[in-house]
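Take a look at the structure below.
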Amino acid sequence: MYRKLLALVIAFYFVPSHAQNSTPDAARVSNFQTDTVVANADSNAGSVTDSCPKAATTGSVDDRYKQAVARRKCLEVAQVFFATTAAAAPSVSADANVRLQDAATKRAASTQLVKVMKEAEDAQEEEEEAGAAKSFMGSNWAVGIGYSFGQGPKRITEAEVVNGVVRVKQDDTDKPIVLLEVHRLFEIGPRFGVGPFASFQTGSDDAVLGFGVGVQFGWRDSAPKSSGGFLLGVGYGWTQGVKTLGDGIVANEPLPEGETEIRYKTQSAESIFVFVSRRFDLGPEKE
């Protein structure tokens with residue numbers, strides 16, 4: 001899986017996306033307008049529409065979205081072209097062949113217009129579905145809730161001395177957390193992505209600041225046009241300003257000789273944490 005993810009990262013940043021025209025091929029448009037063979041009118045009209053390539057179903061989600069947008073725009077231009085051609089005034093040329101060709105061109109444009117209108121509607125649907133996938137994948141942020149498992153010394157909330165022995169009354173070494181995270185998902189399957197994240201959190205005391213990095217997994221909702229989904233992250237964190245027992249003071253052990261009170265110190269601490277978050281459906285990305 002790691003090799004596949006690395007390949008996706010390299011492809012995203014270093015491989016240029018495939019350009020796609022957002023207008024019908026000019027040569028095919030010209031051929032439709034100028035071909036004097038009446039029998040070719042329908043096929044020439046179809047070739048204009050076919051010059052708007054379909055969006056790929058594989059490749060990066062960014063490329064698929066760009067291609068879907070380009071196809072929709074191309075078909076809209078073709079739609080205007082065929083509508084204008086069909087609505088133009090009939091030829092009044094004295095040449096019967098010219099009038100026949102003009103009539104065949106208008107008839108082919110009218111027939112093709114119906115087809116293009118349907119394909120443009122389908123292209124709009126494809127664009128919205130690709131836009132939803134692009135909105136969920138890629139760079140985003142979310143608020144997550146989870147649980148942190150502290151590493152190293154205990155984070156002391158309250159301790160006391162009982163008969164000369166240090167007793168910890170409460171600690172928050174392992175605790176629930178709420179965090180703000182930013183992530184980048186790379187699509188590795190239908191509606192599924194994985195990628196890195198960075199997180200930030202504060203405690204009840206403003207001096208307590210936490211930062212974490214890790215790997216996040218995302219599952220997009222099954223609805224084709226939904227940009228919502230669930231996220232699961234696993235990370236390693238660093239927290240500043242945590243309170244621990246002072247040097248030489250050990251929980252469930254007597255105080256050092258000559259001391260009568262518990263000393264504390266603040267230090268940085270590390271933790272492993274997991275969290276979940278929900279990205280709500282904000283609709284497909286639109287250009």
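Quick note on naming: the chains in the structure tokens go A, B, ... in the order shown, residues restart at 1 in each chain, and ligands are numbered from 1 in order of appearance.
Contact shell of A:Asp281 at 10 Å (only C-alpha atoms; same-chain neighbours under 2 positions omitted): Ala132, Ser135, Phe136, Arg220, Asp221, Lys225, Ser226, Ser227, Gly228, Gly229, Arg278, Arg279, Gly283 and Pro284 of chain A.
Once A:Ala68 and its same-chain neighbours fewer than 4 positions away are set aside, A:Ala55, A:Arg64, A:Arg72, A:Ala123, A:Glu126, A:Glu127 remain within 7 Å of it when counting only C-alpha atoms.
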Review point. So which residues of stretch 38-188 of chain A fall under strand (DSSP E) by DSSP, listed as a count of residues only?
Key: 43
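In terms of minimum interatomic distance to A:Val182, A:Ser139 ranks closest within A:Ser139, A:Gly164, A:Ser277, A:Thr49, counting only C-alpha atoms.
Note that atom CA of A:Ser60 and atom CA of A:Ala130 are 10.5 Å apart.
If you measure from each of A:Met117, A:Gly131, A:Lys243, A:Ser51 to A:Thr157 using only C-alpha atoms, the closest one turns out to be A:Lys243.
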